[in-house]
Amino acid sequence: MTICASEDASALDSPPRAALTLAADGSYAARLARHDDAAGSWYPERWTIDGPEPYAVPLAGSQPEEPDSALLPLADGRVVIVRRVADRFTVSLLSPTGPGTQEVLVGAVAARALSLLPPAPGGTLGYALAPGAESTALWRVHGGTGGPERVAVVPGRCTGGVWLDHDGRLLAVDQEVAGRTKTVLLDLARDAEISPLLQITEESDDRLLLADPDSGLLLVRSDAPGHDRLGWGVLGSSLPVRFPECLRAPDMAVTPFAIQPGRALLPESCAVAFRLDGPAGTRLGVWRPPERQLRQFPAPEGWLAGSGRWTPDGELLLPYTTAAVSCGVARMAVPLGPLEPVAGTGGPRTEEAPAAGVPVAAREEQEGPEAVVPTGGVADAKLPEVAVPPDPGPPDGGEIVLETSDIVADSTASPQPKPLDAEPLDLPPHPRMCRPVPLQQAPLSAR
């Protein structure tokens, strides 16, 4: 589906749903597929993508699925499916058994709405949010001792859901209270203790979209600059949130879906993949914090838009399906050049906040064509990069200074704690994290 939306459109609160959900470790994936019959009915399908060649297995039951059924692939190959049945949601486990599908009912959740969260680290637990009139319940729908368990009740209406560590302990959700949305942190190891995480200004709506536990890189959306903008920050850092001008696309819906992992202590070196929905259809975007443009590429044919992941060595994996290939993964090698050093130092540039309302001229970077290596029988293809005109400077005035400089922030050490065999008695309420702050409030030294 092609979405043509302006940057200020309310649809940005509900980003396009990915057509395929990947397990936490990337070994499996699941989606709702359609039969080739006249009715075009829906059925669950599990993908195995960690082997030498991806393949799909149908998990069809005794009756067609509703298009709003939600799937969550686990690291052991089973798939959690959540279905609406009257005034409740049933939770079942699906797995292939010879020519058929084994289905085990886990339990049910009585709620008006229930939305699955992204796969929890480890790949064995599943969580969901059930918003109510004045609060939101967090449910563990798989991995408990006796069916679905209510883990916590959070005041306000909560959406989103981003994991901040590799242990499945720290969960960030967007909490709406009294008409304002802020991101809060739930510490699941301490009975879902709630603490603030992201608040750029008191009057702004601030949402966390993606986070990388290795580097601490955060992708946020906020209207603090005056209207909805995409920005980036560093978890546990006193450096400010930045709002790059190149991520401002009034004629497109720009949705980040994957961050390159394994870049410990180097958030500025992480590549971020975006789904771009505009008048020309759906495209692929690639960006890094030091770059001054969002590079655009034609999406692979049949790309299950909004799904994919980076490998630690910088290869982007994009699942696709075509008439010739029912289950394929395009492997896109994106050449990401080294950070531009500061003259006379040989090191990466450091960030200096430009003065409010003073635009800095954009620098255009020319890159060669990108190679896409599909897996699953499709011939190799070359994807030419789309020329992007230089961005105009930021509007004058305002309390938030927008990033237009071609210099980048220093790395900040990751705040994630090392795994512990046992919890020490003097453990703080949760691992210390400083929330990103706006540019005008950025301290000169770490707190």
# chains A, B, ... in the order shown; residues from 1 in each chain; ligands from 1

$ residues_around --residues "Ala18 (chain A)" --least-positions-apart "4" --cutoff "8 Å" --atoms "only C-alpha atoms" --output "list in words"
Leu304, Ala305, Gly306 and Ser307 of chain A

$ write_last_selection --atoms "all heavy atoms" --output "PDB file, in the first residue's frame"
ATOM      1  N   LEU A 304       8.899  -7.080   1.413  1.00  0.00           N
ATOM      2  CA  LEU A 304       7.881  -7.022   2.450  1.00  0.00           C
ATOM      3  C   LEU A 304       8.179  -5.773   3.273  1.00  0.00           C
ATOM      4  O   LEU A 304       8.914  -5.809   4.261  1.00  0.00           O
ATOM      5  CB  LEU A 304       7.905  -8.293   3.294  1.00  0.00           C
ATOM      6  CG  LEU A 304       7.608  -9.570   2.491  1.00  0.00           C
ATOM      7  CD1 LEU A 304       7.761 -10.814   3.349  1.00  0.00           C
ATOM      8  CD2 LEU A 304       6.211  -9.515   1.888  1.00  0.00           C
ATOM      9  N   ALA A 305       7.622  -4.673   2.818  1.00  0.00           N
ATOM     10  CA  ALA A 305       8.048  -3.335   3.242  1.00  0.00           C
ATOM     11  C   ALA A 305       8.004  -3.166   4.754  1.00  0.00           C
ATOM     12  O   ALA A 305       7.071  -3.595   5.432  1.00  0.00           O
ATOM     13  CB  ALA A 305       7.168  -2.285   2.577  1.00  0.00           C
ATOM     14  N   GLY A 306       9.056  -2.532   5.266  1.00  0.00           N
ATOM     15  CA  GLY A 306       9.169  -2.259   6.686  1.00  0.00           C
ATOM     16  C   GLY A 306       9.811  -3.372   7.479  1.00  0.00           C
ATOM     17  O   GLY A 306       9.954  -3.260   8.699  1.00  0.00           O
ATOM     18  N   SER A 307      10.221  -4.455   6.813  1.00  0.00           N
ATOM     19  CA  SER A 307      10.872  -5.563   7.509  1.00  0.00           C
ATOM     20  C   SER A 307      12.299  -5.704   7.010  1.00  0.00           C
ATOM     21  O   SER A 307      12.589  -5.431   5.845  1.00  0.00           O
ATOM     22  CB  SER A 307      10.110  -6.870   7.297  1.00  0.00           C
ATOM     23  OG  SER A 307      10.037  -7.187   5.924  1.00  0.00           O
TER      24      SER A 307
END

$ closest_residue --among "A:Pro67, A:Gly156, A:Gly147, A:Pro52" --to "Gly40 (chain A)" --atoms "only C-alpha atoms"
A:Pro67

$ closest_residue --among "A:Ala172, A:Leu239, A:Val325, A:Leu188" --to "Leu210 (chain A)" --atoms "only C-alpha atoms"
A:Ala172

$ residues_around --residues "Leu247 (chain A)" --least-positions-apart "6" --cutoff "8 Å" --atoms "only C-alpha atoms" --output "MDAnalysis selection string"
chainID A and resid 229:231 254 293:294

$ write_last_selection --atoms "all heavy atoms" --output "short mmCIF file (atom, residue, chain, number, x, y, z; two decimals), in the first residue's frame"
data_model
loop_
_atom_site.label_atom_id
_atom_site.label_comp_id
_atom_site.auth_asym_id
_atom_site.auth_seq_id
_atom_site.Cartn_x
_atom_site.Cartn_y
_atom_site.Cartn_z
N ARG A 229 9.14 15.88 13.97
CA ARG A 229 10.43 15.70 13.31
C ARG A 229 11.07 14.42 13.82
O ARG A 229 10.88 14.01 14.97
CB ARG A 229 11.36 16.87 13.60
CG ARG A 229 10.93 18.21 13.01
CD ARG A 229 11.17 18.26 11.51
NE ARG A 229 12.58 18.16 11.19
CZ ARG A 229 13.40 19.22 11.10
NH1 ARG A 229 12.93 20.43 11.31
NH2 ARG A 229 14.67 19.06 10.78
N LEU A 230 11.88 13.81 12.99
CA LEU A 230 12.70 12.69 13.40
C LEU A 230 14.02 13.21 13.97
O LEU A 230 14.62 14.13 13.41
CB LEU A 230 13.00 11.75 12.22
CG LEU A 230 11.86 10.85 11.75
CD1 LEU A 230 12.28 10.11 10.49
CD2 LEU A 230 11.46 9.86 12.83
N GLY A 231 14.46 12.62 15.07
CA GLY A 231 15.71 13.02 15.68
C GLY A 231 16.47 11.82 16.19
O GLY A 231 15.98 10.69 16.18
N VAL A 254 8.43 8.84 6.63
CA VAL A 254 9.76 8.28 6.85
C VAL A 254 9.73 7.48 8.15
O VAL A 254 9.54 8.04 9.23
CB VAL A 254 10.82 9.40 6.92
CG1 VAL A 254 12.21 8.82 7.12
CG2 VAL A 254 10.77 10.25 5.66
N GLN A 293 22.58 13.63 4.35
CA GLN A 293 21.49 13.31 3.43
C GLN A 293 20.98 11.91 3.72
O GLN A 293 21.71 11.05 4.20
CB GLN A 293 21.96 13.42 1.98
CG GLN A 293 23.07 12.45 1.60
CD GLN A 293 23.46 12.56 0.15
OE1 GLN A 293 22.76 13.18 -0.64
NE2 GLN A 293 24.57 11.94 -0.23
N LEU A 294 19.71 11.72 3.44
CA LEU A 294 19.08 10.41 3.52
C LEU A 294 19.16 9.79 2.14
O LEU A 294 18.48 10.22 1.21
CB LEU A 294 17.62 10.55 3.96
CG LEU A 294 16.76 9.28 3.96
CD1 LEU A 294 17.31 8.27 4.96
CD2 LEU A 294 15.31 9.62 4.27
#

$ residues_around --residues "Pro119 (chain A)" --least-positions-apart "5" --cutoff "7 Å" --atoms "only C-alpha atoms" --output "ChimeraX atom specification"
/A:23-24,72,126

$ write_last_selection --atoms "C-alpha atoms" --output "short mmCIF file (atom, residue, chain, number, x, y, z; two decimals), in the first residue's frame"
data_model
loop_
_atom_site.label_atom_id
_atom_site.label_comp_id
_atom_site.auth_asym_id
_atom_site.auth_seq_id
_atom_site.Cartn_x
_atom_site.Cartn_y
_atom_site.Cartn_z
CA ALA A 23 12.37 -13.19 15.61
CA ALA A 24 14.68 -11.53 18.13
CA LEU A 72 5.21 -13.29 16.96
CA GLY A 126 6.22 -12.51 24.26
#

$ atom_distance --atom1 "CA of Cys158 (chain A)" --atom2 "CA of Ile259 (chain A)"
23.3 Å

$ select_by_dssp --residues "region 64-308 of chain A" --states "helix (DSSP H, G or I)" --output "list in words"
Leu188, Ala189, Arg190, Glu245, Cys246, Leu247, Pro267, Glu268 and Ser269 of chain A

$ write_last_selection --atoms "N, CA, C and O atoms" --output "CSV table (one decimal), in the first residue's frame"
chain,number,residue,atom,x,y,z
A,188,LEU,N,11.5,-4.5,34.1
A,188,LEU,CA,10.7,-5.7,34.3
A,188,LEU,C,11.4,-6.6,35.4
A,188,LEU,O,10.7,-7.5,35.9
A,189,ALA,N,12.6,-6.4,35.7
A,189,ALA,CA,13.3,-7.1,36.8
A,189,ALA,C,12.9,-6.6,38.2
A,189,ALA,O,13.2,-7.2,39.2
A,190,ARG,N,12.2,-5.4,38.2
A,190,ARG,CA,11.7,-4.8,39.5
A,190,ARG,C,10.3,-4.5,39.4
A,190,ARG,O,9.8,-3.4,39.7
A,245,GLU,N,18.1,17.9,9.3
A,245,GLU,CA,17.2,18.4,8.3
A,245,GLU,C,17.0,17.4,7.2
A,245,GLU,O,15.9,17.4,6.6
A,246,CYS,N,18.0,16.5,7.0
A,246,CYS,CA,17.8,15.5,5.9
A,246,CYS,C,16.7,14.5,6.2
A,246,CYS,O,16.3,13.8,5.2
A,247,LEU,N,16.3,14.3,7.4
A,247,LEU,CA,15.3,13.4,7.8
A,247,LEU,C,13.9,14.0,7.7
A,247,LEU,O,12.9,13.4,8.1
A,267,PRO,N,27.9,5.2,18.5
A,267,PRO,CA,26.5,5.4,17.9
A,267,PRO,C,26.5,6.1,16.6
A,267,PRO,O,25.7,5.9,15.8
A,268,GLU,N,27.5,7.0,16.4
A,268,GLU,CA,27.6,7.8,15.1
A,268,GLU,C,27.9,7.0,13.9
A,268,GLU,O,27.8,7.4,12.8
A,269,SER,N,28.5,5.7,14.2
A,269,SER,CA,28.9,4.9,13.1
A,269,SER,C,27.8,3.9,12.6
A,269,SER,O,27.9,3.1,11.7

$ decode --residues "region 260-301 of chain A" --atoms "C-alpha atoms" --output "short mmCIF file (atom, residue, chain, number, x, y, z; two decimals), in the first residue's frame"
data_model
loop_
_atom_site.label_atom_id
_atom_site.label_comp_id
_atom_site.auth_asym_id
_atom_site.auth_seq_id
_atom_site.Cartn_x
_atom_site.Cartn_y
_atom_site.Cartn_z
CA GLN A 260 23.08 -1.70 12.51
CA PRO A 261 24.09 -3.62 15.68
CA GLY A 262 27.45 -4.49 17.17
CA ARG A 263 28.87 -0.94 17.14
CA ALA A 264 29.69 -0.70 20.84
CA LEU A 265 30.48 2.85 21.98
CA LEU A 266 30.12 4.15 18.39
CA PRO A 267 26.54 5.42 17.93
CA GLU A 268 27.56 7.80 15.14
CA SER A 269 28.85 4.90 13.05
CA CYS A 270 25.56 2.95 13.07
CA ALA A 271 23.60 2.77 9.84
CA VAL A 272 19.83 3.14 10.01
CA ALA A 273 17.38 1.75 7.44
CA PHE A 274 14.13 3.58 6.68
CA ARG A 275 10.91 2.76 4.90
CA LEU A 276 9.93 5.70 2.68
CA ASP A 277 6.29 5.97 1.56
CA GLY A 278 5.52 8.75 -0.90
CA PRO A 279 3.83 9.58 -4.21
CA ALA A 280 6.34 7.40 -6.09
CA GLY A 281 5.56 4.37 -3.91
CA THR A 282 7.67 2.66 -1.25
CA ARG A 283 11.43 3.09 -1.30
CA LEU A 284 14.38 2.24 0.92
CA GLY A 285 16.35 4.88 2.82
CA VAL A 286 19.78 4.59 4.46
CA TRP A 287 21.35 7.15 6.81
CA ARG A 288 24.05 7.55 9.46
CA PRO A 289 24.31 10.36 12.04
CA PRO A 290 27.39 11.99 10.42
CA GLU A 291 25.74 12.08 6.98
CA ARG A 292 23.88 15.12 5.77
CA GLN A 293 21.49 13.31 3.43
CA LEU A 294 19.08 10.41 3.52
CA ARG A 295 20.19 8.17 0.70
CA GLN A 296 17.30 6.67 -1.24
CA PHE A 297 17.25 3.40 -3.18
CA PRO A 298 14.62 1.51 -5.14
CA ALA A 299 13.24 -1.23 -2.92
CA PRO A 300 13.90 -4.82 -4.06
CA GLU A 301 11.04 -6.28 -6.07
#
